[in-house]
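Some notes on the structure that comes next.
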Amino acid sequence: MTHRRRLLDYSIAALLAALMMYSGLIVRLSIDDGYRAGVPLASSRTDASDNYAYFALLKRGIRSCRHQAEAVTEPLQGNQIACTYLGGLALGNVLWTVSQWLTPSKRVAVSILLILNAAAMSLAFLWALDAILRRTFSFIIATILAVTILHTLDNFALSFYAQTLTLDFHSILLLEPGFARLVNPSLFWALGFTTIALLLHQMQRTTATGFAVLFAIAVVCGTAGLAVSACILMGFGLFVGADLLMTRRINWPVIGSSAGLAIGLAFSYWQLRQFYATDLGKALQHGQTLDLRLNWAMLWLAAPIAFGKIVPDDPARNLLAKCLLVAAAIIGLVCESFELGNRLWLRGSAAIAFLACVAWLWRRAEMLFRNCPNIVADVSLFLQQRPWTRVLASIVVLALLSAMTAIARPPQLDKARWFIDRDKLEALSWLAEQTRHDTLVASTSIEDSFLIEFYTSGAPFVPLYGLTILPREMQLRRYFHVLDLIREGADVVERLGSVRKSALDEYNQRLKIGFVTPPDHSTYESLAFYHMLLYYPYSRDIPGIFKADGVDPNFLKRLGEIDAASRSQVGAFDYLILRSDEHLKEMAPFEVAFRNASYVIMRSRR
């Protein structure tokens with residue numbers, strides 16, 4: 001089988017596996033019963049997901065890398081932490097561009113993006129496994145492998161992290177498995193697997209063009225996920241040292257790819273250090289060093305490191321795979337010593353360890369079957385003599401895989417997750433035809449700050465926490481400014497003072513389980529103010545929000561001051577989304593542009 005034919009088979013297998021895993025999404029998209037419509041992404045009113053953040057960034061690609069000190073030009077979406085994974089955002093933006101090219105519907109385009117995102121990861125994994133084992137997988141075996149890794153990778157990572165065997169596949173796949181996460185870690189992993197695959201091909205046969213492509217991909221990988229790239233670079237470094245000791249020679253493809261990774265990582269780390277100095281960086285403290293804490297469960301990885309060869313007939317390839325596994329184990333061992341350090345393993349080196357372990361298990365399985373040559377030979381002969389049997393067997397396998405994924409990730413039509421109001425989708429679809437990348441859309445609802453990003457070409461006038469270079473106070477002033485435009489705005493502000501800390505905690509728990517009926521609009525908006533605009537309880541820049549179970553009076557006083565300051569000019573917007581039961585104080589600055597039973601869209605006359 002030629003290299004191109006092999007990649008074509010793997011691409012189709014990966015796409016097929018992704019379609020299986022998103023079969024529930026395809027079913028939900030067909031739901032339109034007059035009052036709700038299925039969508040690929042929704043707001044925190046029903047969805048426990050942070051894909052909203054990564055979508056908002058990949059939508060703009062490398063333009064999402066924004067610095068606080070730069071000139072304030074609308075739209076103000078983006079942040080400095082996006083500068084630390086530009087490679088992932090660039091790849092995500094390419095997939096988004098392809099998705100939009102395939103369909104004019106934003107809802108369908110976002111669905112295609114999610115499917116392509118998962119397929120890219122599966123394809124890169126198959127290619128890397130092929131390169132490690134030097135084995136060509138048939139189409140049906142490739143499909144089985146692609147579906148299997150999408151099912152099991154997260155359980156593998158969580159088992160080591162939690163230090164206990166995690167076999168609850170259903171719960172993990174229903175919430176948000178790694179392959180369903182946009183950019184982080186799915187595309188980080190895809191770039192990492194691709195770098196490994198290209199290196200292994202260059203180790204087998206080095207060419208100038210291939211070496212240049214490897215170096216370029218390594219640089220892009222280095223500018224993507226720090227955890228993935230650091231693991232691969234550490235593995236390459238261990239290999240170079242061990243190979244020098246054992247063979248007294250320099251492996252130039254490994255040196256070249258290591259140099260590319262180092263360049264990309266140096267840029268990302270420099271951007272991370274700059275991020276620490278920003279208001280957002282000081283509030284989140286991502287990656288800050290904590291006390292040393294070790295996860296001894298990572299020592300289980302010593303088994304595939306110490307026992308048995310992964311590539312019996314190629315010492316260099318075998319050594320590289322083992323070195324990558326050692327690097328992943330080291331990162332997993334110390335990851336808890338950093339703020340949010342679990343992501344170094346769960347969204348980083350776990351995938352590299354998984355790749356090496358799958359290759360090790362494949363070799364163990366081959367050794368087992370080698371001891372039963374008659375069975376293997378008889379099965380192969382039977383299939384070769386009866387071509388129709390191979391076709392039938394393939395159909396049965398695909399049917400079983402589809403059934404398995406449908407059970408593991410059902411559509412959940414009985415839950416509110418991944419559904420929005422039918423009238424809201426109609427309003428957003430109208431806006432999608434009117435907006436451009438620099439169009440600002442305001443809304444009296446925080447929920448729309450999610451949906452405007454997903455289903456229009458514009459940007460929300462009130463961005464969510466962490467997705468803008470707007471200072472925190474200016475962001476809140478915009479929110480209060482929009483509320484001040486309607487007669488009901490004062491009631492919304494007053495309800496913010498009645499929120500209970502326990503209600504926020506309870507809401508988060510119920511959100512992860514999945515609401516059958518979403519919370520009413522007023523309740524959600526009050527809770528979302530604290531969760532999505534203040535980022536409580538994760539942001540450290542606003543202490544003392546709650547006193548006991550209630551909102552601290554001093555904090556309410558501060559909110560009142562920000563509310564009063566919002567009466568001054570805080571920026572202009574192009575459209576304003578209102579609910580049908582909301583009423584503007586002044587109609588003169590606006591004209592009605594769209595109306596349905598539940599929503600009104602006003603166009604600014606500015």
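Numbering starts fresh at 1 for the residues of each chain in the structure tokens, the chains themselves are lettered A, B, ... in the order given, and ligands are numbered from 1 as they appear.
Look at A:Val311: the protein and nucleic acid residues within 10 Å of it, using only C-alpha atoms and passing over chain neighbours fewer than 5 places away, are A:Ile132, A:Leu133, A:Arg134, A:Ala316, A:Arg317, A:Asn318, A:Leu319, A:Leu320, A:Ala321, A:Lys322, A:Ala359, A:Trp360, A:Arg363.
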Restricted to C-alpha atoms, what would the selected residues look like written as a PDB file, in the first residue's frame?
ATOM      1  CA  ILE A 132       6.354   3.574  15.746  1.00  0.00           C
ATOM      2  CA  LEU A 133       5.339   0.014  14.904  1.00  0.00           C
ATOM      3  CA  ARG A 134       6.294   0.289  11.210  1.00  0.00           C
ATOM      4  CA  ALA A 316      16.747   3.542  17.856  1.00  0.00           C
ATOM      5  CA  ARG A 317      13.000   3.553  17.339  1.00  0.00           C
ATOM      6  CA  ASN A 318      12.497   1.416  20.443  1.00  0.00           C
ATOM      7  CA  LEU A 319      14.693   3.726  22.519  1.00  0.00           C
ATOM      8  CA  LEU A 320      12.825   6.823  21.327  1.00  0.00           C
ATOM      9  CA  ALA A 321       9.440   5.348  22.288  1.00  0.00           C
ATOM     10  CA  LYS A 322      10.758   4.395  25.729  1.00  0.00           C
ATOM     11  CA  ALA A 359       2.328   0.459  20.871  1.00  0.00           C
ATOM     12  CA  TRP A 360       3.727  -1.678  23.720  1.00  0.00           C
ATOM     13  CA  ARG A 363       3.606  -5.808  20.424  1.00  0.00           C
TER      14      ARG A 363
END
*Can you list, as JSON, numbers by chain, all residues belonging to stretch 57-283 of chain A that DSSP tags as alpha helix (DSSP H)?*
{"A": [57, 58, 86, 87, 88, 89, 90, 91, 92, 93, 94, 95, 96, 97, 98, 99, 100, 101, 102, 106, 107, 108, 109, 110, 111, 112, 113, 114, 115, 116, 117, 118, 119, 120, 121, 122, 123, 124, 125, 126, 127, 128, 129, 130, 131, 132, 133, 139, 140, 141, 142, 143, 144, 145, 146, 147, 148, 149, 150, 151, 152, 153, 154, 155, 156, 157, 158, 159, 160, 161, 162, 169, 170, 171, 172, 173, 174, 175, 186, 187, 188, 189, 190, 191, 192, 193, 194, 195, 196, 197, 198, 199, 200, 201, 202, 203, 204, 208, 209, 210, 211, 212, 213, 214, 215, 216, 217, 218, 219, 220, 221, 222, 226, 227, 228, 229, 230, 231, 232, 233, 234, 235, 236, 237, 238, 239, 240, 241, 242, 243, 244, 245, 246, 247, 252, 253, 254, 255, 256, 257, 258, 259, 260, 261, 262, 263, 264, 265, 266, 267, 268, 269, 270, 271, 272, 273, 274, 275, 276, 279, 280, 281, 282, 283]}
*Run DSSP on the backbone and grab whatever in stretch 316-537 of chain A lands in strand (DSSP E or B); send it over as number ranges by chain.*
A: 338, 419-421, 440-443, 459-460, 468, 486
Give me a file of those residues, with C-alpha atoms, as a short mmCIF file (atom, residue, chain, number, x, y, z; two decimals), in the first residue's frame.
data_model
loop_
_atom_site.label_atom_id
_atom_site.label_comp_id
_atom_site.auth_asym_id
_atom_site.auth_seq_id
_atom_site.Cartn_x
_atom_site.Cartn_y
_atom_site.Cartn_z
CA PHE A 338 2.04 23.53 40.01
CA PHE A 419 -30.43 22.90 23.24
CA ILE A 420 -31.44 26.56 23.03
CA ASP A 421 -34.72 28.40 22.43
CA LEU A 440 -20.46 44.46 18.11
CA VAL A 441 -23.68 42.93 19.42
CA ALA A 442 -25.02 43.89 22.85
CA SER A 443 -27.59 41.98 24.85
CA ALA A 459 -18.49 39.79 18.80
CA PRO A 460 -20.35 40.38 22.07
CA THR A 468 -10.95 40.32 26.41
CA ILE A 486 -34.13 49.01 29.66
#
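One distance worth recording is that between atom CA of A:Ile217 and atom CA of A:Val240, which is 19.5 Å.
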*Please identify all polymer residues within 12 Å of stretch 281-293 of chain A, counting only C-alpha atoms, omitting same-chain residues fewer than 3 positions from it, and present them as a PyMOL selection string.*
chain A and resi 67-68+79-82+84+226-227+269+271-278+296+331-344+465-466+469+472+534-543
Give me a file of those residues, with C-alpha atoms, as a PDB file, in the first residue's frame.
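As written to disk, result-v6.pdb reads:
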ATOM      1  CA  HIS A  67      -1.708  42.563  24.934  1.00  0.00           C
ATOM      2  CA  GLN A  68      -3.123  44.940  27.517  1.00  0.00           C
ATOM      3  CA  ASN A  79      -6.019  37.816  25.693  1.00  0.00           C
ATOM      4  CA  GLN A  80      -2.329  37.317  26.333  1.00  0.00           C
ATOM      5  CA  ILE A  81      -2.538  33.681  27.387  1.00  0.00           C
ATOM      6  CA  ALA A  82      -3.664  32.943  23.822  1.00  0.00           C
ATOM      7  CA  THR A  84       1.162  30.829  24.588  1.00  0.00           C
ATOM      8  CA  LEU A 226       3.364  23.761  26.534  1.00  0.00           C
ATOM      9  CA  ALA A 227       2.696  20.459  28.316  1.00  0.00           C
ATOM     10  CA  TYR A 269       7.318  30.424  27.709  1.00  0.00           C
ATOM     11  CA  GLN A 271       4.651  34.839  26.395  1.00  0.00           C
ATOM     12  CA  LEU A 272       3.656  32.964  29.565  1.00  0.00           C
ATOM     13  CA  ARG A 273       6.046  35.052  31.647  1.00  0.00           C
ATOM     14  CA  GLN A 274       4.513  38.202  30.160  1.00  0.00           C
ATOM     15  CA  PHE A 275       1.038  36.841  30.915  1.00  0.00           C
ATOM     16  CA  TYR A 276       1.945  36.481  34.593  1.00  0.00           C
ATOM     17  CA  ALA A 277       2.470  40.250  34.745  1.00  0.00           C
ATOM     18  CA  THR A 278      -1.028  41.048  33.427  1.00  0.00           C
ATOM     19  CA  TRP A 296       3.400   7.745  42.701  1.00  0.00           C
ATOM     20  CA  ILE A 331       5.802  15.115  34.120  1.00  0.00           C
ATOM     21  CA  GLY A 332       2.913  13.121  35.555  1.00  0.00           C
ATOM     22  CA  LEU A 333       4.921  12.448  38.717  1.00  0.00           C
ATOM     23  CA  VAL A 334       5.459  16.161  39.537  1.00  0.00           C
ATOM     24  CA  CYS A 335       2.455  17.820  37.820  1.00  0.00           C
ATOM     25  CA  GLU A 336       0.574  18.467  41.081  1.00  0.00           C
ATOM     26  CA  SER A 337       3.418  20.733  42.207  1.00  0.00           C
ATOM     27  CA  PHE A 338       2.041  23.533  40.015  1.00  0.00           C
ATOM     28  CA  GLU A 339      -1.173  25.576  40.015  1.00  0.00           C
ATOM     29  CA  LEU A 340      -3.601  23.712  37.727  1.00  0.00           C
ATOM     30  CA  GLY A 341      -0.707  21.324  37.169  1.00  0.00           C
ATOM     31  CA  ASN A 342      -3.055  18.391  36.591  1.00  0.00           C
ATOM     32  CA  ARG A 343      -3.450  19.777  33.088  1.00  0.00           C
ATOM     33  CA  LEU A 344       0.241  19.071  32.441  1.00  0.00           C
ATOM     34  CA  TYR A 465     -14.267  36.889  31.753  1.00  0.00           C
ATOM     35  CA  GLY A 466     -10.781  36.263  30.430  1.00  0.00           C
ATOM     36  CA  ILE A 469      -8.227  42.857  27.052  1.00  0.00           C
ATOM     37  CA  ARG A 472     -12.334  44.212  34.575  1.00  0.00           C
ATOM     38  CA  LEU A 534     -16.509  37.674  37.802  1.00  0.00           C
ATOM     39  CA  TYR A 535     -15.275  34.087  37.289  1.00  0.00           C
ATOM     40  CA  TYR A 536     -16.044  33.195  40.884  1.00  0.00           C
ATOM     41  CA  PRO A 537     -14.495  31.247  42.640  1.00  0.00           C
ATOM     42  CA  TYR A 538     -11.418  30.904  40.401  1.00  0.00           C
ATOM     43  CA  SER A 539     -10.353  34.534  40.025  1.00  0.00           C
ATOM     44  CA  ARG A 540      -8.316  35.977  42.881  1.00  0.00           C
ATOM     45  CA  ASP A 541      -8.415  39.664  41.947  1.00  0.00           C
ATOM     46  CA  ILE A 542     -11.743  40.408  43.701  1.00  0.00           C
ATOM     47  CA  PRO A 543     -11.558  39.162  47.304  1.00  0.00           C
TER      48      PRO A 543
END
*Can you tell me, as JSON, numbers by chain, what residues are no more than 10 Å from A:Ala53 when counting only C-alpha atoms, ignoring any on the same chain fewer than 2 positions away?*
{"A": [49, 50, 51, 55, 56, 57, 58, 78, 182, 450, 453, 464, 465, 466, 467]}
Just C-alpha atoms for this one: save the residues we selected as a PDB file, in the first residue's frame.
ATOM      1  CA  SER A  49     -17.988  23.215  29.076  1.00  0.00           C
ATOM      2  CA  ASP A  50     -15.213  25.707  28.475  1.00  0.00           C
ATOM      3  CA  ASN A  51     -15.282  25.212  24.707  1.00  0.00           C
ATOM      4  CA  PHE A  55     -13.943  28.720  20.180  1.00  0.00           C
ATOM      5  CA  ALA A  56     -13.854  32.485  20.788  1.00  0.00           C
ATOM      6  CA  LEU A  57     -10.070  32.381  20.405  1.00  0.00           C
ATOM      7  CA  LEU A  58      -9.737  29.977  17.450  1.00  0.00           C
ATOM      8  CA  GLY A  78      -8.557  37.947  22.890  1.00  0.00           C
ATOM      9  CA  LEU A 182     -11.537  22.477  20.921  1.00  0.00           C
ATOM     10  CA  PHE A 450     -21.747  32.849  24.460  1.00  0.00           C
ATOM     11  CA  GLU A 453     -19.649  34.138  19.389  1.00  0.00           C
ATOM     12  CA  LEU A 464     -17.006  36.932  29.150  1.00  0.00           C
ATOM     13  CA  TYR A 465     -14.267  36.889  31.753  1.00  0.00           C
ATOM     14  CA  GLY A 466     -10.781  36.263  30.430  1.00  0.00           C
ATOM     15  CA  LEU A 467     -11.710  36.640  26.764  1.00  0.00           C
TER      16      LEU A 467
END
_Contact residues around stretch 34-44 of chain A with only C-alpha atoms at 7 Å, ignoring same-chain residues under 2 positions, as a list in words_ = Leu25, Arg28, Leu29, Ile31, Asp32, Thr46, Asp47, Ala48, Arg107, Val110, Ser111, Trp418, Phe419, Ile420, Asp421, Arg422, Glu447, Phe450 and Leu451 of chain A
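For the choices A:Ile62, A:Ala356, A:Ala365, A:Ile395, the atom-to-atom distance to A:Ala327 is smallest for A:Ala356 when using only C-alpha atoms.
Closest approach to A:Leu324 among A:Gly264, A:Pro471, A:Gly92, A:Gly237: A:Gly237, based on only C-alpha atoms.
By only C-alpha atoms, and with residues fewer than 4 positions from A:Val492 along its chain excluded, the set lying at most 9 Å from it is A:Leu483, A:Glu488, A:Leu496, A:Ser522, A:Glu525, A:Ser526.
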Output the selection as a PDB file, in the first residue's frame - N, CA, C and O atoms for each residue.
ATOM      1  N   LEU A 483     -27.836  47.152  30.730  1.00  0.00           N
ATOM      2  CA  LEU A 483     -29.023  47.008  31.586  1.00  0.00           C
ATOM      3  C   LEU A 483     -29.711  48.344  31.816  1.00  0.00           C
ATOM      4  O   LEU A 483     -30.945  48.408  31.943  1.00  0.00           O
ATOM      5  N   GLU A 488     -36.435  47.431  32.912  1.00  0.00           N
ATOM      6  CA  GLU A 488     -36.316  46.313  33.855  1.00  0.00           C
ATOM      7  C   GLU A 488     -34.893  46.141  34.383  1.00  0.00           C
ATOM      8  O   GLU A 488     -34.628  45.255  35.198  1.00  0.00           O
ATOM      9  N   LEU A 496     -28.892  40.778  41.903  1.00  0.00           N
ATOM     10  CA  LEU A 496     -27.504  40.338  42.108  1.00  0.00           C
ATOM     11  C   LEU A 496     -27.154  40.283  43.590  1.00  0.00           C
ATOM     12  O   LEU A 496     -26.310  39.486  44.007  1.00  0.00           O
ATOM     13  N   SER A 522     -34.162  34.690  34.816  1.00  0.00           N
ATOM     14  CA  SER A 522     -33.717  35.592  35.882  1.00  0.00           C
ATOM     15  C   SER A 522     -32.718  34.911  36.801  1.00  0.00           C
ATOM     16  O   SER A 522     -31.693  35.495  37.182  1.00  0.00           O
ATOM     17  N   GLU A 525     -29.318  34.456  34.973  1.00  0.00           N
ATOM     18  CA  GLU A 525     -28.578  35.702  34.765  1.00  0.00           C
ATOM     19  C   GLU A 525     -27.883  36.152  36.044  1.00  0.00           C
ATOM     20  O   GLU A 525     -26.750  36.642  36.004  1.00  0.00           O
ATOM     21  N   SER A 526     -28.541  35.976  37.180  1.00  0.00           N
ATOM     22  CA  SER A 526     -27.922  36.374  38.456  1.00  0.00           C
ATOM     23  C   SER A 526     -26.721  35.494  38.768  1.00  0.00           C
ATOM     24  O   SER A 526     -25.668  35.978  39.200  1.00  0.00           O
TER      25      SER A 526
END
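Shell of stretch 408-415 of chain A at 9 Å, with only C-alpha atoms counted and residues fewer than 3 places along the chain excluded, is Met21, Tyr22, Ser23, Gly24, Leu25, Ile26, Val27, Arg28, Ile31, Thr46, His151, Phe169, His170, Ser171, Leu173, Leu174, Ala403, Met404, Thr405, Trp418, Phe419, Gly514, Phe515, Val516, Thr517 and Pro518 of chain A.
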I need the residues from that last selection saved to file as a PDB file, in the first residue's frame (with C-alpha atoms), if you can.
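Written output follows (result-v9.pdb):
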ATOM      1  CA  MET A  21     -18.635   9.794  18.436  1.00  0.00           C
ATOM      2  CA  TYR A  22     -20.760  12.768  17.359  1.00  0.00           C
ATOM      3  CA  SER A  23     -23.768  10.735  16.248  1.00  0.00           C
ATOM      4  CA  GLY A  24     -25.723  12.232  19.160  1.00  0.00           C
ATOM      5  CA  LEU A  25     -24.939  15.724  17.908  1.00  0.00           C
ATOM      6  CA  ILE A  26     -26.213  14.814  14.436  1.00  0.00           C
ATOM      7  CA  VAL A  27     -29.450  13.562  15.985  1.00  0.00           C
ATOM      8  CA  ARG A  28     -29.851  16.743  18.060  1.00  0.00           C
ATOM      9  CA  ILE A  31     -34.564  18.381  16.538  1.00  0.00           C
ATOM     10  CA  THR A  46     -27.161  24.224  30.206  1.00  0.00           C
ATOM     11  CA  HIS A 151     -13.258   6.019  24.023  1.00  0.00           C
ATOM     12  CA  PHE A 169     -16.474   5.555  30.384  1.00  0.00           C
ATOM     13  CA  HIS A 170     -20.095   6.707  30.136  1.00  0.00           C
ATOM     14  CA  SER A 171     -19.813   9.710  32.503  1.00  0.00           C
ATOM     15  CA  LEU A 173     -17.749  10.667  27.422  1.00  0.00           C
ATOM     16  CA  LEU A 174     -21.017  12.432  28.231  1.00  0.00           C
ATOM     17  CA  ALA A 403     -23.843   0.851  18.528  1.00  0.00           C
ATOM     18  CA  MET A 404     -21.099   1.093  21.132  1.00  0.00           C
ATOM     19  CA  THR A 405     -20.633   4.811  20.618  1.00  0.00           C
ATOM     20  CA  TRP A 418     -27.042  21.277  23.854  1.00  0.00           C
ATOM     21  CA  PHE A 419     -30.434  22.905  23.244  1.00  0.00           C
ATOM     22  CA  GLY A 514     -27.340  17.871  33.342  1.00  0.00           C
ATOM     23  CA  PHE A 515     -30.550  19.840  33.759  1.00  0.00           C
ATOM     24  CA  VAL A 516     -33.778  18.304  32.533  1.00  0.00           C
ATOM     25  CA  THR A 517     -35.267  21.797  32.538  1.00  0.00           C
ATOM     26  CA  PRO A 518     -32.859  24.765  32.421  1.00  0.00           C
TER      27      PRO A 518
END
